[in-house]
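Pasted below: model-v8.csv, CSV, C-alpha atoms and all ligand atoms.
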```
chain,number,residue,atom,x,y,z
N,1,MET,CA,65.0,78.4,81.9
N,2,SER,CA,65.8,78.4,85.7
N,3,ILE,CA,63.1,78.5,88.3
N,4,PRO,CA,62.4,82.2,89.0
N,5,LYS,CA,62.8,84.1,92.3
N,6,ASP,CA,59.1,84.6,92.7
N,7,TYR,CA,56.0,82.6,92.1
N,8,ILE,CA,53.5,85.0,90.6
N,9,GLU,CA,52.1,82.9,87.8
N,10,SER,CA,52.6,79.4,86.6
N,11,ILE,CA,53.3,80.5,83.0
N,12,ASP,CA,56.7,81.6,84.4
N,13,LEU,CA,57.5,77.9,84.9
N,14,THR,CA,57.9,75.0,82.5
N,15,LYS,CA,55.9,71.7,82.6
N,16,GLU,CA,59.0,69.9,83.9
N,17,GLN,CA,59.5,72.4,86.7
N,18,ILE,CA,55.9,72.2,87.8
N,19,LEU,CA,55.9,68.4,87.8
N,20,ALA,CA,59.1,68.5,89.9
N,21,ILE,CA,57.4,70.7,92.5
N,22,GLU,CA,54.4,68.3,92.5
N,23,GLU,CA,56.8,65.4,93.0
N,24,LEU,CA,58.3,67.2,95.9
N,25,ALA,CA,54.8,67.8,97.3
N,26,MET,CA,54.0,64.1,97.0
N,27,ALA,CA,57.3,63.1,98.6
N,28,MET,CA,56.8,65.5,101.5
N,29,LYS,CA,53.2,64.4,101.9
N,30,ALA,CA,54.4,60.8,102.2
N,31,ALA,CA,57.2,61.7,104.6
N,32,ILE,CA,55.0,63.7,106.9
N,33,LYS,CA,51.6,61.9,106.7
N,34,GLU,CA,52.7,58.3,106.3
N,35,ASP,CA,56.2,58.2,107.9
N,36,GLY,CA,55.8,60.9,110.5
N,37,PHE,CA,59.1,62.6,109.4
N,38,TYR,CA,59.0,66.4,109.2
N,39,PRO,CA,61.7,67.7,106.8
N,40,HIS,CA,62.8,71.0,108.3
N,41,LEU,CA,63.8,72.6,105.0
N,42,LEU,CA,63.0,76.1,106.2
N,43,ARG,CA,64.5,75.8,109.7
N,44,ASN,CA,64.4,79.2,111.6
N,45,LYS,CA,63.1,81.0,108.5
N,46,SER,CA,60.2,83.5,108.6
N,47,LEU,CA,57.3,83.8,106.2
N,48,GLY,CA,55.3,87.1,106.1
N,49,MET,CA,51.7,86.6,105.0
N,50,ILE,CA,49.8,89.7,103.7
N,51,PHE,CA,46.1,89.2,103.4
N,52,GLN,CA,44.0,92.0,101.9
N,53,GLN,CA,41.1,89.5,101.5
N,54,VAL,CA,39.7,86.8,103.8
N,55,SER,CA,41.1,83.3,103.6
N,56,THR,CA,40.7,79.9,105.3
N,57,ARG,CA,42.5,77.3,103.1
N,58,THR,CA,45.4,79.5,101.9
N,59,ARG,CA,46.2,81.1,105.3
N,60,LEU,CA,46.0,77.8,107.1
N,61,SER,CA,48.1,76.0,104.5
N,62,PHE,CA,50.9,78.6,104.5
N,63,GLU,CA,51.0,78.9,108.3
N,64,THR,CA,50.9,75.1,109.0
N,65,SER,CA,53.4,74.4,106.2
N,66,MET,CA,55.9,76.8,107.8
N,67,THR,CA,55.6,74.9,111.1
N,68,ASP,CA,56.0,71.6,109.3
N,69,LEU,CA,59.2,72.9,107.6
N,70,GLY,CA,60.7,74.1,110.9
N,71,GLY,CA,60.0,77.8,110.3
N,72,HIS,CA,57.6,80.5,111.4
N,73,ALA,CA,54.7,82.4,109.7
N,74,GLN,CA,53.4,85.9,110.6
N,75,PHE,CA,49.9,87.0,109.6
N,76,TYR,CA,49.2,90.6,108.5
N,77,GLY,CA,45.5,91.2,108.0
N,78,PRO,CA,43.9,94.3,106.3
N,79,GLY,CA,45.1,97.5,108.0
N,80,THR,CA,47.9,96.0,110.0
N,81,ILE,CA,50.9,97.0,107.9
N,82,GLN,CA,51.8,99.8,105.6
N,83,LEU,CA,50.9,98.8,102.0
N,84,GLY,CA,50.9,101.7,99.7
N,85,GLY,CA,49.4,104.1,102.3
N,86,HIS,CA,51.8,106.2,104.3
N,87,GLU,CA,54.7,104.4,102.6
N,88,SER,CA,55.1,103.5,98.9
N,89,LEU,CA,54.7,99.9,97.9
N,90,GLY,CA,58.3,99.8,96.8
N,91,ASP,CA,59.6,101.0,100.2
N,92,THR,CA,57.4,98.5,102.0
N,93,ALA,CA,58.6,95.7,99.8
N,94,ARG,CA,62.2,96.7,100.3
N,95,VAL,CA,61.9,96.7,104.1
N,96,MET,CA,59.8,93.5,104.3
N,97,GLY,CA,62.1,91.8,101.9
N,98,ASP,CA,65.1,92.4,104.2
N,99,LEU,CA,63.2,91.5,107.4
N,100,LEU,CA,61.7,88.3,106.1
N,101,ASP,CA,63.0,85.2,104.4
N,102,ILE,CA,60.0,84.7,102.2
N,103,MET,CA,56.6,86.5,101.7
N,104,MET,CA,53.2,85.6,100.4
N,105,ALA,CA,50.5,88.1,99.5
N,106,ARG,CA,46.7,87.9,98.8
N,107,VAL,CA,46.0,91.3,97.2
N,108,ASN,CA,43.2,93.3,95.8
N,109,ARG,CA,45.1,94.3,92.8
N,110,HIS,CA,47.5,92.0,90.9
N,111,LYS,CA,49.9,94.9,90.3
N,112,ASP,CA,50.6,95.0,94.0
N,113,VAL,CA,51.9,91.5,94.3
N,114,VAL,CA,54.0,92.1,91.1
N,115,GLY,CA,55.3,95.3,92.8
N,116,LEU,CA,56.1,93.5,96.0
N,117,ALA,CA,58.1,90.9,94.1
N,118,ALA,CA,60.0,93.6,92.1
N,119,GLY,CA,60.9,95.5,95.3
N,120,ALA,CA,61.7,92.7,97.8
N,121,ALA,CA,65.0,90.9,97.9
N,122,CYS,CA,63.3,87.8,99.3
N,123,PRO,CA,61.0,85.5,97.2
N,124,VAL,CA,57.3,86.5,96.9
N,125,ILE,CA,54.5,84.1,96.4
N,126,ASN,CA,51.1,85.2,94.9
N,127,GLY,CA,48.4,84.0,97.4
N,128,MET,CA,45.6,85.1,94.9
N,129,SER,CA,44.7,88.4,93.2
N,130,GLU,CA,41.8,89.4,91.1
N,131,TYR,CA,43.7,88.1,88.1
N,132,ASN,CA,44.9,84.6,89.1
N,133,HIS,CA,45.4,82.1,91.9
N,134,PRO,CA,48.6,80.1,91.2
N,135,THR,CA,48.9,78.2,94.5
N,136,GLN,CA,45.4,76.9,93.9
N,137,GLU,CA,46.6,75.6,90.5
N,138,LEU,CA,49.4,73.5,92.1
N,139,GLY,CA,47.0,72.1,94.7
N,140,ASP,CA,44.5,71.2,92.0
N,141,LEU,CA,47.1,69.7,89.7
N,142,LEU,CA,48.3,67.6,92.6
N,143,THR,CA,44.7,66.4,93.2
N,144,MET,CA,44.3,65.5,89.5
N,145,LEU,CA,47.6,63.6,89.4
N,146,GLU,CA,46.5,61.6,92.4
N,147,ASN,CA,43.1,60.9,90.8
N,148,LEU,CA,44.0,60.1,87.2
N,149,PRO,CA,41.5,57.9,85.4
N,150,GLU,CA,42.8,54.3,84.9
N,151,GLY,CA,45.4,54.2,82.1
N,152,LYS,CA,45.5,57.9,81.4
N,153,LYS,CA,48.3,60.4,81.8
N,154,ILE,CA,47.6,64.0,82.8
N,155,GLU,CA,48.0,65.2,79.2
N,156,ASP,CA,45.3,62.7,78.1
N,157,CYS,CA,42.7,64.2,80.4
N,158,LYS,CA,39.9,66.6,79.7
N,159,PHE,CA,39.0,69.3,82.3
N,160,ALA,CA,35.7,71.2,82.3
N,161,TRP,CA,35.2,74.5,84.1
N,162,ILE,CA,31.5,75.3,84.8
N,163,GLY,CA,30.4,78.9,85.2
N,164,ASP,CA,32.0,82.2,85.5
N,165,ALA,CA,35.4,83.2,84.2
N,166,THR,CA,36.9,84.0,87.6
N,167,GLN,CA,40.6,84.3,88.3
N,168,THR,CA,40.6,80.7,89.4
N,169,CYS,CA,39.1,79.7,86.0
N,170,PHE,CA,41.9,81.6,84.2
N,171,SER,CA,44.4,79.9,86.5
N,172,LEU,CA,43.0,76.4,85.8
N,173,MET,CA,43.1,77.2,82.0
N,174,CYS,CA,46.8,78.0,82.5
N,175,ILE,CA,47.8,74.9,84.5
N,176,CYS,CA,45.7,72.6,82.3
N,177,THR,CA,47.2,73.9,79.1
N,178,ILE,CA,50.7,73.9,80.4
N,179,MET,CA,50.2,70.2,81.1
N,180,GLY,CA,48.8,69.6,77.6
N,181,MET,CA,45.2,68.8,78.7
N,182,ASP,CA,42.0,69.7,76.9
N,183,PHE,CA,40.5,72.7,78.8
N,184,VAL,CA,36.8,73.6,78.5
N,185,GLN,CA,34.9,76.5,79.9
N,186,PHE,CA,31.1,75.9,79.9
N,187,GLY,CA,29.8,79.4,80.7
N,188,PRO,CA,27.3,82.0,79.6
N,189,LYS,CA,28.2,84.7,77.1
N,190,GLY,CA,29.4,87.8,78.9
N,191,HIS,CA,31.1,85.6,81.5
N,192,GLN,CA,33.5,83.6,79.3
N,193,LEU,CA,37.3,83.9,79.4
N,194,THR,CA,37.2,85.8,76.1
N,195,ASP,CA,34.8,88.5,77.2
N,196,GLY,CA,34.7,88.6,81.0
N,197,ALA,CA,35.6,91.3,83.5
N,198,LEU,CA,39.0,89.6,84.2
N,199,GLN,CA,40.1,90.1,80.6
N,200,VAL,CA,38.8,93.7,80.4
N,201,GLU,CA,40.2,94.9,83.8
N,202,ASN,CA,43.6,93.5,83.2
N,203,LYS,CA,43.8,94.5,79.5
N,204,VAL,CA,45.3,91.1,78.5
N,205,ASP,CA,44.1,88.6,76.0
N,206,LEU,CA,43.6,85.5,78.2
N,207,LEU,CA,42.9,83.3,75.2
N,208,GLU,CA,46.1,84.4,73.5
N,209,ILE,CA,48.0,83.3,76.7
N,210,GLY,CA,46.2,79.9,76.6
N,211,ASN,CA,46.8,79.4,72.9
N,212,LYS,CA,50.5,80.0,73.3
N,213,LEU,CA,50.6,77.4,76.1
N,214,CYS,CA,48.7,75.0,73.9
N,215,ALA,CA,51.2,75.5,71.0
N,216,VAL,CA,53.9,74.3,73.3
N,217,SER,CA,52.1,71.4,75.0
N,218,GLY,CA,49.5,70.2,72.5
N,219,GLY,CA,46.6,71.1,74.8
N,220,THR,CA,43.3,72.6,73.6
N,221,ILE,CA,40.9,75.3,74.7
N,222,THR,CA,37.1,75.2,74.1
N,223,ILE,CA,34.8,78.0,75.4
N,224,SER,CA,31.1,77.5,74.9
N,225,ASP,CA,27.6,77.9,76.4
N,226,ASP,CA,26.6,74.5,74.9
N,227,ILE,CA,26.6,71.7,77.5
N,228,GLU,CA,27.8,69.3,74.8
N,229,CYS,CA,31.3,70.7,75.4
N,230,ILE,CA,31.7,68.9,78.8
N,231,LYS,CA,31.0,65.4,77.4
N,232,GLY,CA,33.9,63.1,78.2
N,233,ALA,CA,35.4,65.4,80.9
N,234,ASP,CA,37.5,63.6,83.5
N,235,PHE,CA,37.3,66.6,85.9
N,236,ILE,CA,34.3,68.9,86.4
N,237,TYR,CA,35.2,72.1,88.4
N,238,THR,CA,33.2,75.0,89.6
N,239,ASP,CA,33.6,78.1,91.7
N,240,VAL,CA,31.2,80.5,93.5
N,241,TRP,CA,29.1,82.8,91.3
N,242,TYR,CA,29.5,85.7,93.7
N,243,GLY,CA,33.1,86.2,94.9
N,244,LEU,CA,35.4,88.4,96.8
N,245,TYR,CA,36.3,90.9,94.1
N,246,ASP,CA,34.1,93.8,93.1
N,247,ASP,CA,34.4,93.2,89.4
N,248,GLU,CA,32.6,89.9,89.7
N,249,VAL,CA,28.8,89.6,89.1
N,250,SER,CA,26.7,91.6,91.5
N,251,GLY,CA,24.9,89.9,94.4
N,252,THR,CA,21.4,90.8,92.9
N,253,SER,CA,21.8,89.3,89.5
N,254,TYR,CA,24.1,86.3,89.5
N,255,MET,CA,21.4,83.7,90.1
N,256,ASP,CA,19.6,85.0,87.0
N,257,VAL,CA,22.8,84.6,84.9
N,258,PHE,CA,23.9,81.1,86.0
N,259,TYR,CA,21.0,79.3,87.6
N,260,PRO,CA,19.9,76.6,86.8
N,261,LYS,CA,21.9,75.9,83.6
N,262,TYR,CA,25.3,76.1,85.2
N,263,GLN,CA,24.6,74.4,88.5
N,264,VAL,CA,26.7,71.2,88.9
N,265,THR,CA,24.1,68.5,89.6
N,266,MET,CA,24.5,64.7,89.5
N,267,ASP,CA,22.7,64.8,86.1
N,268,MET,CA,25.4,67.1,84.8
N,269,MET,CA,28.2,64.9,86.3
N,270,ASN,CA,26.6,61.8,84.6
N,271,PHE,CA,26.3,63.7,81.3
N,272,ALA,CA,30.0,64.5,81.4
N,273,GLY,CA,30.7,60.8,82.0
N,274,PRO,CA,30.2,58.0,84.6
N,275,ASP,CA,33.7,58.5,86.1
N,276,ALA,CA,34.0,62.3,86.0
N,277,LYS,CA,35.3,63.7,89.3
N,278,PHE,CA,34.0,66.9,91.0
N,279,MET,CA,36.4,69.6,92.0
N,280,HIS,CA,35.8,73.0,93.7
N,281,CYS,CA,38.4,75.5,95.0
N,282,LEU,CA,36.1,76.2,98.0
N,283,PRO,CA,34.4,78.0,99.8
N,284,ALA,CA,31.2,76.8,98.1
N,285,ASN,CA,27.7,78.2,98.1
N,286,ARG,CA,25.9,74.9,98.4
N,287,GLY,CA,22.7,74.9,96.5
N,288,GLU,CA,23.9,77.5,94.1
N,289,GLU,CA,26.9,76.5,91.9
N,290,VAL,CA,26.7,72.9,93.2
N,291,THR,CA,24.2,70.6,94.9
N,292,ASP,CA,24.9,68.9,98.2
N,293,GLU,CA,24.5,65.5,96.4
N,294,VAL,CA,27.5,66.2,94.2
N,295,MET,CA,29.7,67.8,96.8
N,296,ASP,CA,29.2,65.1,99.4
N,297,ASP,CA,29.3,62.1,97.0
N,298,PRO,CA,32.2,59.9,98.3
N,299,GLU,CA,33.0,58.6,94.8
N,300,ARG,CA,32.5,61.6,92.6
N,301,SER,CA,33.6,64.5,94.8
N,302,ILE,CA,37.4,65.0,95.3
N,303,CYS,CA,37.0,68.6,96.6
N,304,TRP,CA,37.9,67.7,100.2
N,305,VAL,CA,41.2,66.1,99.3
N,306,GLU,CA,41.7,69.0,97.0
N,307,ALA,CA,41.4,71.4,100.0
N,308,GLU,CA,43.9,69.3,102.0
N,309,ASN,CA,46.2,69.3,99.0
N,310,ARG,CA,46.5,73.1,99.3
N,311,LYS,CA,48.8,72.4,102.2
N,312,HIS,CA,50.8,69.6,100.6
N,313,SER,CA,51.5,71.7,97.5
N,314,ILE,CA,52.2,74.9,99.4
N,315,ARG,CA,54.9,73.1,101.5
N,316,ALA,CA,56.6,72.2,98.2
N,317,ILE,CA,56.2,75.8,96.9
N,318,LEU,CA,57.8,77.1,100.1
N,319,ALA,CA,60.6,74.6,99.9
N,320,THR,CA,61.2,75.4,96.2
N,321,PHE,CA,61.1,79.2,96.3
N,322,GLY,CA,62.2,79.7,99.9
N,323,PRO,CA,65.8,79.7,101.2
N,324,ARG,CA,66.2,76.0,101.9
N,325,THR,CA,68.2,74.7,104.8
N,326,PRO,CA,69.8,71.2,104.6
N,327,LEU,CA,67.6,68.1,105.1
N,328,ASN,CA,67.8,67.1,108.7
N,329,ASP,CA,67.6,63.3,108.2
N,330,GLU,CA,71.1,61.9,108.7
N,331,GLY,CA,70.7,58.6,110.5
N,332,VAL,CA,66.9,58.7,110.4
N,333,GLU,CA,65.2,55.9,108.6
N,334,TYR,CA,61.8,56.5,106.9
N,335,ALA,CA,60.1,54.8,103.9
N,336,SER,CA,59.9,57.8,101.6
N,337,LYS,CA,63.5,58.9,102.3
N,338,GLU,CA,64.9,58.0,98.9
N,339,ARG,CA,61.9,59.6,97.1
N,340,LEU,CA,62.3,62.9,99.1
N,341,HIS,CA,66.0,63.1,98.4
N,342,ALA,CA,65.4,62.5,94.7
N,343,ALA,CA,62.7,65.1,94.5
N,344,LEU,CA,64.9,67.7,96.2
N,345,ALA,CA,67.8,66.8,93.9
N,346,LYS,CA,65.6,67.4,90.9
N,347,ILE,CA,64.5,70.9,92.2
N,348,GLU,CA,68.2,71.8,92.8
N,349,GLU,CA,69.0,70.7,89.3
N,350,LEU,CA,66.3,72.9,87.9
N,351,GLN,CA,67.4,75.8,90.0
N,352,ALA,CA,71.0,75.6,88.9
W,401,LIG,N1,40.5,78.3,97.7
W,401,LIG,C1,40.9,79.3,98.5
W,401,LIG,O1,41.8,80.1,98.1
W,401,LIG,O2,40.4,79.3,99.7
W,401,LIG,P1,40.5,80.5,100.8
W,401,LIG,O3,39.9,81.7,100.2
W,401,LIG,O4,39.8,80.0,102.0
W,401,LIG,O5,42.0,80.6,101.1
```

Final structure tokens representation of the file:
Amino acid sequence: MSIPKDYIESIDLTKEQILAIEELAMAMKAAIKEDGFYPHLLRNKSLGMIFQQVSTRTRLSFETSMTDLGGHAQFYGPGTIQLGGHESLGDTARVMGDLLDIMMARVNRHKDVVGLAAGAACPVINGMSEYNHPTQELGDLLTMLENLPEGKKIEDCKFAWIGDATQTCFSLMCICTIMGMDFVQFGPKGHQLTDGALQVENKVDLLEIGNKLCAVSGGTITISDDIECIKGADFIYTDVWYGLYDDEVSGTSYMDVFYPKYQVTMDMMNFAGPDAKFMHCLPANRGEEVTDEVMDDPERSICWVEAENRKHSIRAILATFGPRTPLNDEGVEYASKERLHAALAKIEELQA
């Protein structure tokens, strides 16, 4: 299976392909951050960024990544371009696909990013929908790979999602089970992956998707409202209880549903295990789904490097799915040169 034209969901990729993208992310992170060498792999290329929802991390990561790679990014906020209004989505996709070299879209409805990908000649990357958040998955996997417990491989790790079955929860279920990890959702009935709004709205069996991934990888899925399920977790992850999308829990009732049982506290972290690391896709509502003590703990919290890794992983996503230009390092010496060339060669092999 070759790497597809678009990045809409990680289940379209194999474990080997995902790990190759992560290795490229790490090689470029070393080249830029440690060696000061900027690989202009998208020289003179233009990225169009459609945002129907607000964003800090995703927007900044895509925009700065294009600069790092020698290209340019254009931002289109709500109401600034035609998107299924005076022009059909297919027509917009066709025109944008010819004017741009690569597109990303954060959309209100998942079918719109699928439609953009179907209609555009250029690659389209899903910057989050109400259904999933694949670029978050790759940033989070990169963070877990960089923070593996001593002596463990990624497939030996246990991941515990705390709280609501948001689109990011579903995304983390996918990436963890593709890797062969043990995935747990500790959440209240009515907000579990098997019965939440995400499943109903999108009319898909999320657990069936996860179980198919587990059958390939050897991963497992556990969904429970019993805190015992998080024992032994290497990574504890949570998300806001009140999010961007209108099918999430209403502002008036969410504290009653989740607080205090599902708030990530230091007691919960210690119950999971003495070395469990804390992750959060951010933005966070401090004092709701997580305490300040956990979020700011320099040993336990890796949510800050996780946020930075959005950029490092998005560079690799752009360099994988975008129309690459040749590496501009002839005669340039930098420590990570061999690693970067090897990582790119692996991507090219997987795209052949
Ligand atoms: N985690 C995430 O997607 O952050 P933004 O909404 O700020 O992009």

* Asked: So which residues are near ligand LIG 401 (chain W), meaning at most 10 Å away with only C-alpha atoms and all ligand atoms counted, given back as a VMD selection string?
  -> chain N and resid 51 53 to 62 106 127 to 128 133 to 137 139 to 140 168 239 243 to 244 280 to 284 306 to 307 310

* Contact residues around segment 219-231 of chain N with all atoms listed in the file at 10 Å, ignoring same-chain residues under 6 positions, as a PyMOL selection string -> chain N and resi 155-163+173+176-189+191-194+207+210-213+261-262+268-273+276

Taking C-alpha atoms for each residue, export the selection above as a PDB file, in the frame of the given file.
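result03.pdb written:
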```pdb
ATOM      1  CA  GLU N 155      48.000  65.200  79.200  1.00  0.00           C
ATOM      2  CA  ASP N 156      45.300  62.700  78.100  1.00  0.00           C
ATOM      3  CA  CYS N 157      42.700  64.200  80.400  1.00  0.00           C
ATOM      4  CA  LYS N 158      39.900  66.600  79.700  1.00  0.00           C
ATOM      5  CA  PHE N 159      39.000  69.300  82.300  1.00  0.00           C
ATOM      6  CA  ALA N 160      35.700  71.200  82.300  1.00  0.00           C
ATOM      7  CA  TRP N 161      35.200  74.500  84.100  1.00  0.00           C
ATOM      8  CA  ILE N 162      31.500  75.300  84.800  1.00  0.00           C
ATOM      9  CA  GLY N 163      30.400  78.900  85.200  1.00  0.00           C
ATOM     10  CA  MET N 173      43.100  77.200  82.000  1.00  0.00           C
ATOM     11  CA  CYS N 176      45.700  72.600  82.300  1.00  0.00           C
ATOM     12  CA  THR N 177      47.200  73.900  79.100  1.00  0.00           C
ATOM     13  CA  ILE N 178      50.700  73.900  80.400  1.00  0.00           C
ATOM     14  CA  MET N 179      50.200  70.200  81.100  1.00  0.00           C
ATOM     15  CA  GLY N 180      48.800  69.600  77.600  1.00  0.00           C
ATOM     16  CA  MET N 181      45.200  68.800  78.700  1.00  0.00           C
ATOM     17  CA  ASP N 182      42.000  69.700  76.900  1.00  0.00           C
ATOM     18  CA  PHE N 183      40.500  72.700  78.800  1.00  0.00           C
ATOM     19  CA  VAL N 184      36.800  73.600  78.500  1.00  0.00           C
ATOM     20  CA  GLN N 185      34.900  76.500  79.900  1.00  0.00           C
ATOM     21  CA  PHE N 186      31.100  75.900  79.900  1.00  0.00           C
ATOM     22  CA  GLY N 187      29.800  79.400  80.700  1.00  0.00           C
ATOM     23  CA  PRO N 188      27.300  82.000  79.600  1.00  0.00           C
ATOM     24  CA  LYS N 189      28.200  84.700  77.100  1.00  0.00           C
ATOM     25  CA  HIS N 191      31.100  85.600  81.500  1.00  0.00           C
ATOM     26  CA  GLN N 192      33.500  83.600  79.300  1.00  0.00           C
ATOM     27  CA  LEU N 193      37.300  83.900  79.400  1.00  0.00           C
ATOM     28  CA  THR N 194      37.200  85.800  76.100  1.00  0.00           C
ATOM     29  CA  LEU N 207      42.900  83.300  75.200  1.00  0.00           C
ATOM     30  CA  GLY N 210      46.200  79.900  76.600  1.00  0.00           C
ATOM     31  CA  ASN N 211      46.800  79.400  72.900  1.00  0.00           C
ATOM     32  CA  LYS N 212      50.500  80.000  73.300  1.00  0.00           C
ATOM     33  CA  LEU N 213      50.600  77.400  76.100  1.00  0.00           C
ATOM     34  CA  LYS N 261      21.900  75.900  83.600  1.00  0.00           C
ATOM     35  CA  TYR N 262      25.300  76.100  85.200  1.00  0.00           C
ATOM     36  CA  MET N 268      25.400  67.100  84.800  1.00  0.00           C
ATOM     37  CA  MET N 269      28.200  64.900  86.300  1.00  0.00           C
ATOM     38  CA  ASN N 270      26.600  61.800  84.600  1.00  0.00           C
ATOM     39  CA  PHE N 271      26.300  63.700  81.300  1.00  0.00           C
ATOM     40  CA  ALA N 272      30.000  64.500  81.400  1.00  0.00           C
ATOM     41  CA  GLY N 273      30.700  60.800  82.000  1.00  0.00           C
ATOM     42  CA  ALA N 276      34.000  62.300  86.000  1.00  0.00           C
TER      43      ALA N 276
END
```

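Computed from the coordinates, the atom CA of Asp101 of chain N to atom CA of Ile81 of chain N distance equals 17.3 Å.
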
* **Pick from N:Gly70, N:Gly90, N:Gly287, N:Pro274 nearest to Glu299 of chain N, counting all atoms listed in the file** =>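 Nearest candidate to Glu299 of chain N out of N:Gly70, N:Gly90, N:Gly287, N:Pro274: N:Pro274.
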
* Which residues, protein or nucleic acid, reach to within 12 Å of (57.6, 87.1, 103.5) in the file's coordinates when using all atoms listed in the file, and can you give that as JSON, numbers by chain? -> {"N": [6, 45, 46, 47, 48, 49, 50, 51, 62, 63, 66, 71, 72, 73, 74, 75, 76, 92, 93, 94, 95, 96, 97, 98, 99, 100, 101, 102, 103, 104, 105, 106, 113, 116, 117, 120, 121, 122, 123, 124, 125, 126, 127, 318, 321, 322, 323]}

* To one decimal in Å, tell me the separation between atom CA of Ile209 of chain N and atom CA of Tyr254 of chain N. =>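 According to the coordinates, atom CA of Ile209 of chain N and atom CA of Tyr254 of chain N are separated by 27.3 Å.
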
* Using atom CA of Ile21 of chain N and atom CA of Ala343 of chain N as the two end points, give the distance in Å to one decimal. =>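 Computing the Euclidean distance for atom CA of Ile21 of chain N and atom CA of Ala343 of chain N yields 8.0 Å.
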
Excluding same-chain residues fewer than 6 positions from Thr325 of chain N, what lies within 7 Å of it counting all atoms listed in the file, as a CSV table (one decimal) with C-alpha atoms, keeping the file's coordinate frame?
```
chain,number,residue,atom,x,y,z
N,41,LEU,CA,63.8,72.6,105.0
N,42,LEU,CA,63.0,76.1,106.2
N,43,ARG,CA,64.5,75.8,109.7
```

* To do: For each of N:Met26, N:Ala316, N:Leu89, N:Ile175, take the minimum atom-to-atom distance to Ile347 of chain N, counting all atoms listed in the file, then give the residue where this is smallest.
  =>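 Nearest to Ile347 of chain N: N:Ala316.
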
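Nearest to Leu69 of chain N of all the residues N:Arg339, N:Ile314, N:Lys277, N:Ser10 is N:Ile314, counting only C-alpha atoms.
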
* To do: Kindly extract all protein, DNA and RNA residues lying within 12 Å of the coordinates (47.6, 92.6, 85.7) given in the file, considering only C-alpha atoms, and supply them as number ranges by chain.
  => N: 8-9, 107-115, 129-132, 167, 198-206

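You can rank N:Met295, N:Val290, N:Ile236, N:Ile18 by their closest distance to Tyr259 of chain N using all atoms listed in the file, and at the top of that list sits N:Val290.
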
Save segment 166-176 of chain N to disk from that block, N, CA, C and O atoms included, as a tab-separated table (two decimals), in the first residue's frame.
```tsv
chain	number	residue	atom	x	y	z
N	166	THR	N	-14.17	12.61	22.63
N	166	THR	CA	-14.08	13.65	21.61
N	166	THR	C	-13.43	13.08	20.35
N	166	THR	O	-12.96	11.94	20.34
N	167	GLN	N	-13.36	13.94	19.31
N	167	GLN	CA	-12.69	13.49	18.08
N	167	GLN	C	-11.22	13.19	18.32
N	167	GLN	O	-10.64	12.31	17.69
N	168	THR	N	-10.61	13.91	19.28
N	168	THR	CA	-9.20	13.64	19.58
N	168	THR	C	-9.07	12.30	20.30
N	168	THR	O	-8.10	11.56	20.09
N	169	CYS	N	-10.05	11.96	21.12
N	169	CYS	CA	-10.06	10.64	21.76
N	169	CYS	C	-10.10	9.54	20.70
N	169	CYS	O	-9.31	8.58	20.74
N	170	PHE	N	-11.00	9.69	19.74
N	170	PHE	CA	-11.07	8.69	18.66
N	170	PHE	C	-9.75	8.62	17.90
N	170	PHE	O	-9.24	7.54	17.59
N	171	SER	N	-9.18	9.79	17.62
N	171	SER	CA	-7.90	9.83	16.91
N	171	SER	C	-6.81	9.10	17.69
N	171	SER	O	-6.03	8.34	17.12
N	172	LEU	N	-6.76	9.34	19.00
N	172	LEU	CA	-5.73	8.67	19.81
N	172	LEU	C	-5.98	7.18	19.87
N	172	LEU	O	-5.03	6.38	19.89
N	173	MET	N	-7.27	6.77	19.87
N	173	MET	CA	-7.54	5.33	19.81
N	173	MET	C	-6.95	4.75	18.54
N	173	MET	O	-6.34	3.67	18.54
N	174	CYS	N	-7.12	5.48	17.43
N	174	CYS	CA	-6.61	4.96	16.14
N	174	CYS	C	-5.09	4.86	16.15
N	174	CYS	O	-4.53	3.81	15.86
N	175	ILE	N	-4.40	5.93	16.52
N	175	ILE	CA	-2.94	5.90	16.41
N	175	ILE	C	-2.35	4.89	17.40
N	175	ILE	O	-1.38	4.19	17.08
N	176	CYS	N	-2.94	4.80	18.60
N	176	CYS	CA	-2.41	3.85	19.59
N	176	CYS	C	-2.61	2.41	19.11
N	176	CYS	O	-1.71	1.58	19.25
```
